Amino acid sequence: MLTTVAPGVLVHESTFCQSNTVVVQGESGALLIDPGILEDELACLARDLRELSGAGSTVVAGFSTHPHWDHLLWHAGLGDGPRYATVLGAATARERLAGGIDAKRFGIPDEAPLELLGGTVGLPADTTRLPWAGPGVRIVEHRAHAPGHAALLIEEGGVVVAGDMLSDVLIPMLDLNGPDDPIGDYLAALDLLESAATAADVVIPGHGSVGDADALRSRIALDREYLRAVPDDPRIGPSAKPGWEWVAEVHAGQVRRLRARTAPRRPTP
């Protein structure tokens, strides 16, 4: 079911990890951001779009906020319009999917359709606005969470589509596979989002609840506190929402890996 969260902006929430698909309606068609997750949900999304009135119901473009499998899905019922990503995001997706994907390793449910996984087109590196005939969409690329991650700012509606950031259920998930300073990169990304979203009224995380302007500010502040090693975070431990207790395990794993990175190396004998 599609829920309107701002004029011309609708959200479809998956039962898988509270994943959010975002629809932005324009005069000549719709932009679809991070569609997912399960086969029946994507088919339902396609039906819901067909039932909307006006040209804004036809998908003319897609956008993947980052190259993780749950943000690279697609369905034949959504059409064959271009599916954009940042140039680094698209290149990373191609590289990671070149040899196929191990569904079991990544915890991908059997009901997730993988036939059209990937297929994103990288926008030129200096692109700051989405090239489509609809409401102005600003691209805010950064280095947090995954290579080529980008948030989108839908300017007319005052909506921030945050990708896998600014969630009320997920702690900051660091990219520990490449950057030398994943915490610094994440803090810099929060600064970028805060600056870009000064007039925003709605925040849509990749996973979790849609929030208002107060939620946007409080989530930025909470993520900063987490990254500065404040242990009392409502998203982990006894105060976590039911079903999200596993986030504490992710937190523990991140702490272990960060400590291993900074531990002094023993001299080679």
# chains A, B, ... in the order shown; residues from 1 in each chain; ligands from 1

call {"tool": "residues_around", "arguments": {"residues": "segment 254-256 of chain A", "least_positions_apart": "6", "cutoff": "9 Å", "atoms": "only C-alpha atoms", "output": "list in words"}}
result
Met173, Leu174 and Leu176 of chain A

call {"tool": "residues_around", "arguments": {"residues": "Asp214 of chain A", "least_positions_apart": "2", "cutoff": "10 Å", "atoms": "only C-alpha atoms", "output": "list of chain:residue names"}}
result
A:Ala200, A:Asp201, A:Val202, A:Val203, A:Gly211, A:Asp212, A:Leu216, A:Arg217, A:Ser218, A:Arg219

call {"tool": "write_last_selection", "arguments": {"atoms": "C-alpha atoms", "output": "CSV table (one decimal), in the first residue's frame"}}
result
chain,number,residue,atom,x,y,z
A,200,ALA,CA,13.2,19.8,5.0
A,201,ASP,CA,9.9,18.8,6.6
A,202,VAL,CA,10.1,15.0,6.1
A,203,VAL,CA,12.9,12.4,6.4
A,211,GLY,CA,9.8,11.3,10.4
A,212,ASP,CA,9.1,15.0,10.5
A,216,LEU,CA,15.4,14.6,11.2
A,217,ARG,CA,17.3,16.8,13.6
A,218,SER,CA,17.1,14.4,16.5
A,219,ARG,CA,18.3,11.5,14.4

call {"tool": "closest_residue", "arguments": {"among": "A:Ser209, A:Thr65, A:Thr21, A:Thr262", "to": "Asp168 of chain A", "atoms": "only C-alpha atoms"}}
result
A:Ser209

call {"tool": "residues_around", "arguments": {"residues": "Pro242 of chain A", "least_positions_apart": "4", "cutoff": "10 Å", "atoms": "only C-alpha atoms", "output": "PDB file with C-alpha atoms, in the first residue's frame"}}
result
ATOM      1  CA  VAL A 169      15.710   1.522  14.302  1.00  0.00           C
ATOM      2  CA  PRO A 238      16.699  -3.411  26.093  1.00  0.00           C
ATOM      3  CA  TRP A 246      19.897  -8.009  16.288  1.00  0.00           C
TER       4      TRP A 246
END

call {"tool": "atom_distance", "arguments": {"atom1": "atom CA of Ala150 of chain A", "atom2": "atom CA of Leu42 of chain A"}}
result
22.6 Å

call {"tool": "closest_residue", "arguments": {"among": "A:Leu153, A:Ala162, A:Ile236, A:Leu227", "to": "Val210 of chain A", "atoms": "only C-alpha atoms"}}
result
A:Ala162

call {"tool": "select_by_dssp", "arguments": {"residues": "segment 127-228 of chain A", "states": "alpha helix (DSSP H)", "output": "short mmCIF file (atom, residue, chain, number, x, y, z; two decimals) with all heavy atoms, in the first residue's frame"}}
result
data_model
loop_
_atom_site.label_atom_id
_atom_site.label_comp_id
_atom_site.auth_asym_id
_atom_site.auth_seq_id
_atom_site.Cartn_x
_atom_site.Cartn_y
_atom_site.Cartn_z
N PRO A 182 36.23 5.39 8.68
CA PRO A 182 34.79 5.26 8.46
C PRO A 182 33.96 6.14 9.38
O PRO A 182 32.90 6.61 8.98
CB PRO A 182 34.52 3.77 8.70
CG PRO A 182 35.67 3.30 9.54
CD PRO A 182 36.84 4.10 9.11
N ILE A 183 34.42 6.37 10.60
CA ILE A 183 33.67 7.23 11.52
C ILE A 183 33.75 8.68 11.04
O ILE A 183 32.73 9.39 11.01
CB ILE A 183 34.20 7.09 12.96
CG1 ILE A 183 33.83 5.71 13.51
CG2 ILE A 183 33.63 8.19 13.85
CD1 ILE A 183 34.31 5.46 14.92
N GLY A 184 34.93 9.12 10.65
CA GLY A 184 35.07 10.48 10.14
C GLY A 184 34.24 10.70 8.88
O GLY A 184 33.62 11.75 8.71
N ASP A 185 34.23 9.70 8.00
CA ASP A 185 33.42 9.81 6.79
C ASP A 185 31.93 9.92 7.13
O ASP A 185 31.19 10.67 6.49
CB ASP A 185 33.64 8.59 5.90
CG ASP A 185 35.01 8.59 5.23
OD1 ASP A 185 35.63 9.67 5.16
OD2 ASP A 185 35.46 7.52 4.80
N TYR A 186 31.50 9.15 8.12
CA TYR A 186 30.08 9.18 8.50
C TYR A 186 29.71 10.52 9.12
O TYR A 186 28.65 11.09 8.82
CB TYR A 186 29.79 8.03 9.47
CG TYR A 186 28.37 7.51 9.38
CD1 TYR A 186 28.11 6.26 8.83
CD2 TYR A 186 27.29 8.26 9.82
CE1 TYR A 186 26.80 5.79 8.74
CE2 TYR A 186 26.00 7.79 9.73
CZ TYR A 186 25.76 6.55 9.19
OH TYR A 186 24.48 6.08 9.10
N LEU A 187 30.58 11.04 9.97
CA LEU A 187 30.32 12.35 10.58
C LEU A 187 30.26 13.44 9.51
O LEU A 187 29.41 14.34 9.57
CB LEU A 187 31.39 12.67 11.62
CG LEU A 187 31.31 11.89 12.92
CD1 LEU A 187 32.59 12.09 13.74
CD2 LEU A 187 30.09 12.31 13.75
N ALA A 188 31.16 13.36 8.53
CA ALA A 188 31.14 14.34 7.43
C ALA A 188 29.85 14.23 6.63
O ALA A 188 29.28 15.25 6.20
CB ALA A 188 32.35 14.12 6.52
N ALA A 189 29.35 13.01 6.43
CA ALA A 189 28.09 12.83 5.72
C ALA A 189 26.93 13.43 6.50
O ALA A 189 26.02 14.04 5.91
CB ALA A 189 27.85 11.34 5.47
N LEU A 190 26.92 13.27 7.81
CA LEU A 190 25.87 13.89 8.62
C LEU A 190 25.90 15.40 8.49
O LEU A 190 24.85 16.06 8.43
CB LEU A 190 26.03 13.47 10.09
CG LEU A 190 25.73 12.00 10.40
CD1 LEU A 190 26.08 11.71 11.86
CD2 LEU A 190 24.27 11.66 10.13
N ASP A 191 27.10 15.98 8.44
CA ASP A 191 27.22 17.44 8.25
C ASP A 191 26.63 17.85 6.91
O ASP A 191 25.92 18.86 6.80
CB ASP A 191 28.69 17.86 8.33
CG ASP A 191 29.28 17.76 9.73
OD1 ASP A 191 28.49 17.67 10.70
OD2 ASP A 191 30.51 17.77 9.85
N LEU A 192 26.92 17.05 5.85
CA LEU A 192 26.38 17.36 4.52
C LEU A 192 24.85 17.32 4.53
O LEU A 192 24.19 18.21 3.99
CB LEU A 192 26.91 16.36 3.50
CG LEU A 192 28.28 16.61 2.88
CD1 LEU A 192 28.66 15.44 1.99
CD2 LEU A 192 28.29 17.90 2.07
N LEU A 193 24.31 16.27 5.13
CA LEU A 193 22.85 16.13 5.15
C LEU A 193 22.21 17.24 5.96
O LEU A 193 21.16 17.78 5.58
CB LEU A 193 22.48 14.76 5.73
CG LEU A 193 22.81 13.55 4.86
CD1 LEU A 193 22.44 12.26 5.58
CD2 LEU A 193 22.08 13.62 3.53
N GLU A 194 22.82 17.58 7.08
CA GLU A 194 22.26 18.65 7.91
C GLU A 194 22.24 19.97 7.15
O GLU A 194 21.27 20.72 7.20
CB GLU A 194 23.08 18.79 9.18
CG GLU A 194 22.52 19.79 10.18
CD GLU A 194 23.30 19.79 11.47
OE1 GLU A 194 24.55 19.88 11.42
OE2 GLU A 194 22.69 19.68 12.54
N SER A 195 23.31 20.24 6.41
CA SER A 195 23.38 21.48 5.64
C SER A 195 22.38 21.49 4.48
O SER A 195 21.73 22.50 4.21
CB SER A 195 24.81 21.66 5.09
OG SER A 195 24.90 22.79 4.26
N ALA A 196 22.23 20.34 3.82
CA ALA A 196 21.34 20.26 2.66
C ALA A 196 19.87 20.28 3.06
O ALA A 196 19.01 20.69 2.27
CB ALA A 196 21.63 19.00 1.86
N ALA A 213 10.40 17.11 10.64
CA ALA A 213 11.61 17.92 10.75
C ALA A 213 12.29 17.72 12.09
O ALA A 213 13.53 17.68 12.18
CB ALA A 213 11.27 19.39 10.53
N ASP A 214 11.51 17.58 13.16
CA ASP A 214 12.11 17.35 14.48
C ASP A 214 12.82 16.00 14.52
O ASP A 214 13.90 15.88 15.10
CB ASP A 214 11.03 17.40 15.57
CG ASP A 214 10.50 18.80 15.81
OD1 ASP A 214 11.23 19.77 15.48
OD2 ASP A 214 9.38 18.93 16.33
N ALA A 215 12.21 14.99 13.91
CA ALA A 215 12.84 13.67 13.87
C ALA A 215 14.14 13.72 13.07
O ALA A 215 15.13 13.08 13.45
CB ALA A 215 11.88 12.66 13.26
N LEU A 216 14.14 14.48 11.98
CA LEU A 216 15.35 14.62 11.18
C LEU A 216 16.49 15.17 12.02
O LEU A 216 17.61 14.62 12.05
CB LEU A 216 15.07 15.53 9.99
CG LEU A 216 16.26 15.97 9.13
CD1 LEU A 216 16.95 14.76 8.50
CD2 LEU A 216 15.82 16.95 8.05
N ARG A 217 16.22 16.24 12.76
CA ARG A 217 17.27 16.84 13.58
C ARG A 217 17.70 15.92 14.72
O ARG A 217 18.90 15.79 15.01
CB ARG A 217 16.77 18.19 14.14
CG ARG A 217 16.64 19.29 13.09
CD ARG A 217 16.37 20.63 13.74
NE ARG A 217 15.03 20.67 14.34
CZ ARG A 217 13.94 21.08 13.70
NH1 ARG A 217 14.04 21.46 12.44
NH2 ARG A 217 12.77 21.11 14.30
N SER A 218 16.73 15.27 15.35
CA SER A 218 17.07 14.41 16.48
C SER A 218 17.85 13.18 16.03
O SER A 218 18.74 12.69 16.74
CB SER A 218 15.81 14.01 17.24
OG SER A 218 14.97 13.18 16.44
N ARG A 219 17.56 12.65 14.84
CA ARG A 219 18.28 11.48 14.35
C ARG A 219 19.72 11.84 13.98
O ARG A 219 20.65 11.05 14.20
CB ARG A 219 17.55 10.86 13.17
CG ARG A 219 16.23 10.23 13.56
CD ARG A 219 15.47 9.66 12.37
NE ARG A 219 14.11 9.27 12.73
CZ ARG A 219 13.23 8.72 11.90
NH1 ARG A 219 13.58 8.48 10.64
NH2 ARG A 219 12.01 8.41 12.31
N ILE A 220 19.92 13.01 13.40
CA ILE A 220 21.28 13.46 13.13
C ILE A 220 22.06 13.57 14.43
O ILE A 220 23.21 13.10 14.54
CB ILE A 220 21.27 14.81 12.38
CG1 ILE A 220 20.77 14.61 10.94
CG2 ILE A 220 22.67 15.42 12.35
CD1 ILE A 220 20.58 15.90 10.16
N ALA A 221 21.44 14.15 15.44
CA ALA A 221 22.11 14.30 16.73
C ALA A 221 22.40 12.95 17.37
O ALA A 221 23.48 12.73 17.93
CB ALA A 221 21.24 15.15 17.66
N LEU A 222 21.44 12.04 17.29
CA LEU A 222 21.62 10.71 17.90
C LEU A 222 22.72 9.94 17.18
O LEU A 222 23.54 9.26 17.84
CB LEU A 222 20.31 9.94 17.84
CG LEU A 222 20.27 8.58 18.53
CD1 LEU A 222 20.57 8.72 20.02
CD2 LEU A 222 18.91 7.91 18.33
N ASP A 223 22.78 10.04 15.85
CA ASP A 223 23.83 9.35 15.12
C ASP A 223 25.21 9.92 15.48
O ASP A 223 26.19 9.18 15.59
CB ASP A 223 23.59 9.46 13.62
CG ASP A 223 22.51 8.51 13.13
OD1 ASP A 223 22.03 7.69 13.95
OD2 ASP A 223 22.11 8.60 11.96
N ARG A 224 25.28 11.23 15.66
CA ARG A 224 26.56 11.82 16.08
C ARG A 224 26.98 11.29 17.46
O ARG A 224 28.15 10.98 17.69
CB ARG A 224 26.44 13.34 16.12
CG ARG A 224 26.48 14.01 14.76
CD ARG A 224 26.57 15.50 14.90
NE ARG A 224 26.68 16.17 13.60
CZ ARG A 224 25.88 17.14 13.19
NH1 ARG A 224 24.89 17.57 13.97
NH2 ARG A 224 26.05 17.69 12.00
N GLU A 225 26.02 11.19 18.35
CA GLU A 225 26.33 10.69 19.69
C GLU A 225 26.83 9.25 19.62
O GLU A 225 27.78 8.88 20.30
CB GLU A 225 25.09 10.78 20.58
CG GLU A 225 24.72 12.20 20.97
CD GLU A 225 23.47 12.25 21.83
OE1 GLU A 225 22.86 11.19 22.06
OE2 GLU A 225 23.10 13.35 22.26
N TYR A 226 26.16 8.45 18.80
CA TYR A 226 26.59 7.06 18.66
C TYR A 226 28.03 7.00 18.16
O TYR A 226 28.86 6.24 18.68
CB TYR A 226 25.67 6.33 17.68
CG TYR A 226 26.15 4.92 17.37
CD1 TYR A 226 25.78 3.85 18.18
CD2 TYR A 226 26.99 4.67 16.28
CE1 TYR A 226 26.24 2.56 17.92
CE2 TYR A 226 27.45 3.40 16.00
CZ TYR A 226 27.07 2.34 16.83
OH TYR A 226 27.53 1.08 16.57
N LEU A 227 28.35 7.79 17.15
CA LEU A 227 29.68 7.76 16.56
C LEU A 227 30.75 8.29 17.50
O LEU A 227 31.94 8.00 17.33
CB LEU A 227 29.68 8.55 15.25
CG LEU A 227 28.81 7.95 14.14
CD1 LEU A 227 28.57 8.95 13.03
CD2 LEU A 227 29.43 6.67 13.59
#

call {"tool": "atom_distance", "arguments": {"atom1": "atom CA of Val121 of chain A", "atom2": "atom CA of Gly148 of chain A"}}
result
12.4 Å

call {"tool": "select_by_dssp", "arguments": {"residues": "segment 55-258 of chain A", "states": "strand (DSSP E or B)", "output": "compact mmCIF listing (two decimals) with all heavy atoms, in the first residue's frame"}}
result
# COMPACT_ATOMS: atom_id res chain seq x y z
N VAL A 59 6.20 4.71 -14.22
CA VAL A 59 7.59 4.84 -13.79
C VAL A 59 8.46 5.21 -14.99
O VAL A 59 8.53 4.48 -15.98
CB VAL A 59 8.10 3.54 -13.15
CG1 VAL A 59 9.57 3.69 -12.74
CG2 VAL A 59 7.26 3.17 -11.94
N VAL A 60 9.14 6.34 -14.90
CA VAL A 60 10.01 6.78 -15.98
C VAL A 60 11.48 6.71 -15.60
O VAL A 60 12.36 6.78 -16.47
CB VAL A 60 9.66 8.22 -16.43
CG1 VAL A 60 8.27 8.27 -17.03
CG2 VAL A 60 9.78 9.21 -15.27
N ALA A 61 11.77 6.56 -14.30
CA ALA A 61 13.16 6.47 -13.86
C ALA A 61 13.21 5.86 -12.47
O ALA A 61 12.25 5.93 -11.70
CB ALA A 61 13.83 7.85 -13.85
N GLY A 62 14.34 5.26 -12.17
CA GLY A 62 14.59 4.75 -10.83
C GLY A 62 15.89 5.31 -10.30
O GLY A 62 16.70 5.87 -11.05
N PHE A 63 16.10 5.16 -8.99
CA PHE A 63 17.36 5.59 -8.39
C PHE A 63 17.70 4.64 -7.24
O PHE A 63 16.84 4.32 -6.41
CB PHE A 63 17.30 7.02 -7.87
CG PHE A 63 18.64 7.56 -7.43
CD1 PHE A 63 19.49 8.15 -8.35
CD2 PHE A 63 19.07 7.44 -6.11
CE1 PHE A 63 20.74 8.64 -7.96
CE2 PHE A 63 20.32 7.92 -5.71
CZ PHE A 63 21.16 8.51 -6.65
N ARG A 83 17.64 3.26 -14.56
CA ARG A 83 17.78 3.14 -13.11
C ARG A 83 19.12 3.74 -12.72
O ARG A 83 20.17 3.15 -12.93
CB ARG A 83 17.68 1.67 -12.70
CG ARG A 83 16.33 1.06 -13.05
CD ARG A 83 16.42 -0.44 -13.25
NE ARG A 83 16.94 -1.12 -12.06
CZ ARG A 83 17.27 -2.40 -12.03
NH1 ARG A 83 17.15 -3.14 -13.12
NH2 ARG A 83 17.73 -2.95 -10.92
N TYR A 84 19.07 4.94 -12.16
CA TYR A 84 20.29 5.70 -11.91
C TYR A 84 20.91 5.36 -10.56
O TYR A 84 20.27 4.84 -9.64
CB TYR A 84 19.98 7.19 -11.95
CG TYR A 84 19.49 7.71 -13.28
CD1 TYR A 84 18.22 8.26 -13.42
CD2 TYR A 84 20.31 7.66 -14.41
CE1 TYR A 84 17.76 8.74 -14.64
CE2 TYR A 84 19.86 8.14 -15.63
CZ TYR A 84 18.59 8.69 -15.74
OH TYR A 84 18.15 9.16 -16.94
N ALA A 85 22.20 5.70 -10.45
CA ALA A 85 22.94 5.67 -9.20
C ALA A 85 24.12 6.62 -9.38
O ALA A 85 24.34 7.14 -10.48
CB ALA A 85 23.44 4.26 -8.89
N THR A 86 24.86 6.87 -8.32
CA THR A 86 26.10 7.63 -8.51
C THR A 86 27.06 6.76 -9.32
O THR A 86 26.92 5.54 -9.39
CB THR A 86 26.74 7.98 -7.16
OG1 THR A 86 27.13 6.77 -6.49
CG2 THR A 86 25.77 8.76 -6.27
N VAL A 121 22.62 2.67 -13.80
CA VAL A 121 23.42 3.49 -14.70
C VAL A 121 24.08 4.59 -13.88
O VAL A 121 23.40 5.36 -13.20
CB VAL A 121 22.55 4.12 -15.80
CG1 VAL A 121 23.38 5.03 -16.69
CG2 VAL A 121 21.86 3.04 -16.62
N GLY A 122 25.40 4.66 -13.91
CA GLY A 122 26.11 5.66 -13.14
C GLY A 122 26.00 7.05 -13.76
O GLY A 122 26.27 7.23 -14.95
N LEU A 123 25.59 8.02 -12.97
CA LEU A 123 25.55 9.40 -13.42
C LEU A 123 26.96 9.98 -13.40
O LEU A 123 27.80 9.55 -12.60
CB LEU A 123 24.63 10.23 -12.52
CG LEU A 123 23.15 9.84 -12.55
CD1 LEU A 123 22.40 10.53 -11.41
CD2 LEU A 123 22.54 10.21 -13.89
N ARG A 129 22.09 17.05 -9.61
CA ARG A 129 20.64 17.04 -9.72
C ARG A 129 20.21 15.87 -10.60
O ARG A 129 20.86 15.58 -11.61
CB ARG A 129 20.11 18.36 -10.29
CG ARG A 129 20.54 19.58 -9.51
CD ARG A 129 19.87 20.84 -10.01
NE ARG A 129 18.47 20.88 -9.65
CZ ARG A 129 18.02 21.24 -8.45
NH1 ARG A 129 18.87 21.58 -7.49
NH2 ARG A 129 16.73 21.27 -8.18
N VAL A 137 15.22 17.32 -7.82
CA VAL A 137 15.78 16.37 -6.86
C VAL A 137 17.29 16.58 -6.81
O VAL A 137 17.99 16.39 -7.81
CB VAL A 137 15.47 14.91 -7.26
CG1 VAL A 137 16.14 13.95 -6.27
CG2 VAL A 137 13.97 14.67 -7.30
N ARG A 138 17.77 16.98 -5.65
CA ARG A 138 19.19 17.21 -5.45
C ARG A 138 19.86 15.93 -4.95
O ARG A 138 19.32 15.24 -4.09
CB ARG A 138 19.41 18.34 -4.44
CG ARG A 138 20.87 18.64 -4.14
CD ARG A 138 20.99 19.76 -3.13
NE ARG A 138 22.36 19.90 -2.65
CZ ARG A 138 22.72 20.68 -1.64
NH1 ARG A 138 21.81 21.41 -1.03
NH2 ARG A 138 23.97 20.73 -1.25
N ILE A 139 21.01 15.62 -5.50
CA ILE A 139 21.78 14.44 -5.10
C ILE A 139 22.86 14.86 -4.12
O ILE A 139 23.67 15.75 -4.42
CB ILE A 139 22.42 13.76 -6.33
CG1 ILE A 139 21.34 13.34 -7.33
CG2 ILE A 139 23.26 12.56 -5.90
CD1 ILE A 139 21.90 12.85 -8.65
N VAL A 140 22.88 14.25 -2.94
CA VAL A 140 23.88 14.55 -1.92
C VAL A 140 24.73 13.30 -1.72
O VAL A 140 24.38 12.40 -0.96
CB VAL A 140 23.22 14.99 -0.59
CG1 VAL A 140 24.28 15.39 0.42
CG2 VAL A 140 22.24 16.15 -0.83
N GLU A 141 25.83 13.22 -2.44
CA GLU A 141 26.70 12.05 -2.37
C GLU A 141 27.68 12.20 -1.22
O GLU A 141 28.16 13.30 -0.90
CB GLU A 141 27.46 11.86 -3.67
CG GLU A 141 28.29 10.58 -3.71
CD GLU A 141 28.96 10.34 -5.05
OE1 GLU A 141 28.73 11.13 -5.99
OE2 GLU A 141 29.72 9.35 -5.16
N ALA A 150 24.27 7.95 -1.67
CA ALA A 150 23.71 9.28 -1.89
C ALA A 150 22.35 9.39 -1.23
O ALA A 150 21.56 8.44 -1.25
CB ALA A 150 23.59 9.59 -3.38
N ALA A 151 22.10 10.54 -0.64
CA ALA A 151 20.75 10.90 -0.22
C ALA A 151 20.15 11.77 -1.31
O ALA A 151 20.87 12.38 -2.11
CB ALA A 151 20.79 11.64 1.11
N LEU A 152 18.83 11.82 -1.36
CA LEU A 152 18.14 12.69 -2.31
C LEU A 152 17.31 13.71 -1.56
O LEU A 152 16.61 13.35 -0.59
CB LEU A 152 17.23 11.87 -3.24
CG LEU A 152 17.91 10.84 -4.14
CD1 LEU A 152 16.87 10.14 -5.01
CD2 LEU A 152 19.00 11.46 -4.99
N LEU A 153 17.37 14.94 -1.99
CA LEU A 153 16.54 16.01 -1.43
C LEU A 153 15.50 16.41 -2.47
O LEU A 153 15.83 16.96 -3.52
CB LEU A 153 17.39 17.21 -1.04
CG LEU A 153 16.64 18.44 -0.52
CD1 LEU A 153 15.86 18.12 0.75
CD2 LEU A 153 17.59 19.60 -0.28
N ILE A 154 14.23 16.08 -2.19
CA ILE A 154 13.13 16.46 -3.07
C ILE A 154 12.71 17.86 -2.65
O ILE A 154 12.06 18.05 -1.62
CB ILE A 154 11.97 15.47 -2.95
CG1 ILE A 154 12.47 14.04 -3.23
CG2 ILE A 154 10.84 15.83 -3.92
CD1 ILE A 154 11.52 12.96 -2.78
N VAL A 159 11.55 16.97 1.27
CA VAL A 159 11.71 15.58 1.71
C VAL A 159 13.15 15.13 1.52
O VAL A 159 13.73 15.31 0.45
CB VAL A 159 10.78 14.64 0.92
CG1 VAL A 159 10.99 13.19 1.36
CG2 VAL A 159 9.32 15.05 1.11
N VAL A 160 13.71 14.53 2.56
CA VAL A 160 15.04 13.91 2.48
C VAL A 160 14.86 12.40 2.41
O VAL A 160 14.30 11.80 3.32
CB VAL A 160 15.90 14.26 3.70
CG1 VAL A 160 17.23 13.51 3.63
CG2 VAL A 160 16.15 15.75 3.78
N VAL A 161 15.30 11.80 1.30
CA VAL A 161 15.34 10.34 1.18
C VAL A 161 16.77 9.95 1.54
O VAL A 161 17.71 10.19 0.78
CB VAL A 161 14.98 9.89 -0.24
CG1 VAL A 161 14.98 8.37 -0.32
CG2 VAL A 161 13.62 10.45 -0.65
N VAL A 202 10.34 16.43 6.01
CA VAL A 202 10.13 14.99 6.10
C VAL A 202 11.45 14.28 5.86
O VAL A 202 12.22 14.67 4.97
CB VAL A 202 9.09 14.50 5.06
CG1 VAL A 202 8.92 12.99 5.12
CG2 VAL A 202 7.76 15.20 5.25
N VAL A 203 11.72 13.22 6.63
CA VAL A 203 12.87 12.36 6.39
C VAL A 203 12.36 10.93 6.20
O VAL A 203 11.53 10.44 6.96
CB VAL A 203 13.90 12.42 7.53
CG1 VAL A 203 13.29 12.03 8.87
CG2 VAL A 203 15.10 11.54 7.23
N ILE A 204 12.86 10.28 5.14
CA ILE A 204 12.50 8.89 4.84
C ILE A 204 13.77 8.06 4.88
O ILE A 204 14.62 8.17 3.98
CB ILE A 204 11.83 8.75 3.47
CG1 ILE A 204 10.64 9.71 3.33
CG2 ILE A 204 11.37 7.31 3.25
CD1 ILE A 204 10.04 9.74 1.93
N HIS A 207 15.35 2.19 6.04
CA HIS A 207 14.70 1.23 6.93
C HIS A 207 14.23 1.98 8.17
O HIS A 207 15.02 2.68 8.81
CB HIS A 207 15.66 0.11 7.34
CG HIS A 207 16.34 -0.56 6.20
ND1 HIS A 207 15.75 -1.59 5.49
CD2 HIS A 207 17.55 -0.35 5.62
CE1 HIS A 207 16.57 -1.98 4.53
NE2 HIS A 207 17.67 -1.24 4.59
N GLY A 211 9.82 10.31 9.33
CA GLY A 211 9.81 11.29 10.41
C GLY A 211 9.61 12.70 9.90
O GLY A 211 9.73 12.98 8.70
N ASP A 212 9.32 13.60 10.84
CA ASP A 212 9.15 15.02 10.49
C ASP A 212 10.46 15.77 10.69
O ASP A 212 11.52 15.16 10.90
CB ASP A 212 8.02 15.64 11.33
CG ASP A 212 8.26 15.53 12.83
OD1 ASP A 212 9.41 15.22 13.25
OD2 ASP A 212 7.31 15.76 13.59

call {"tool": "residues_around", "arguments": {"residues": "Gly243 of chain A", "least_positions_apart": "5", "cutoff": "12 Å", "atoms": "only C-alpha atoms", "output": "ChimeraX atom specification"}}
result
/A:15-18,169-170,208,235-238,248

call {"tool": "closest_residue", "arguments": {"among": "A:Glu39, A:Glu27, A:Glu95, A:Glu51", "to": "Leu73 of chain A", "atoms": "only C-alpha atoms"}}
result
A:Glu39
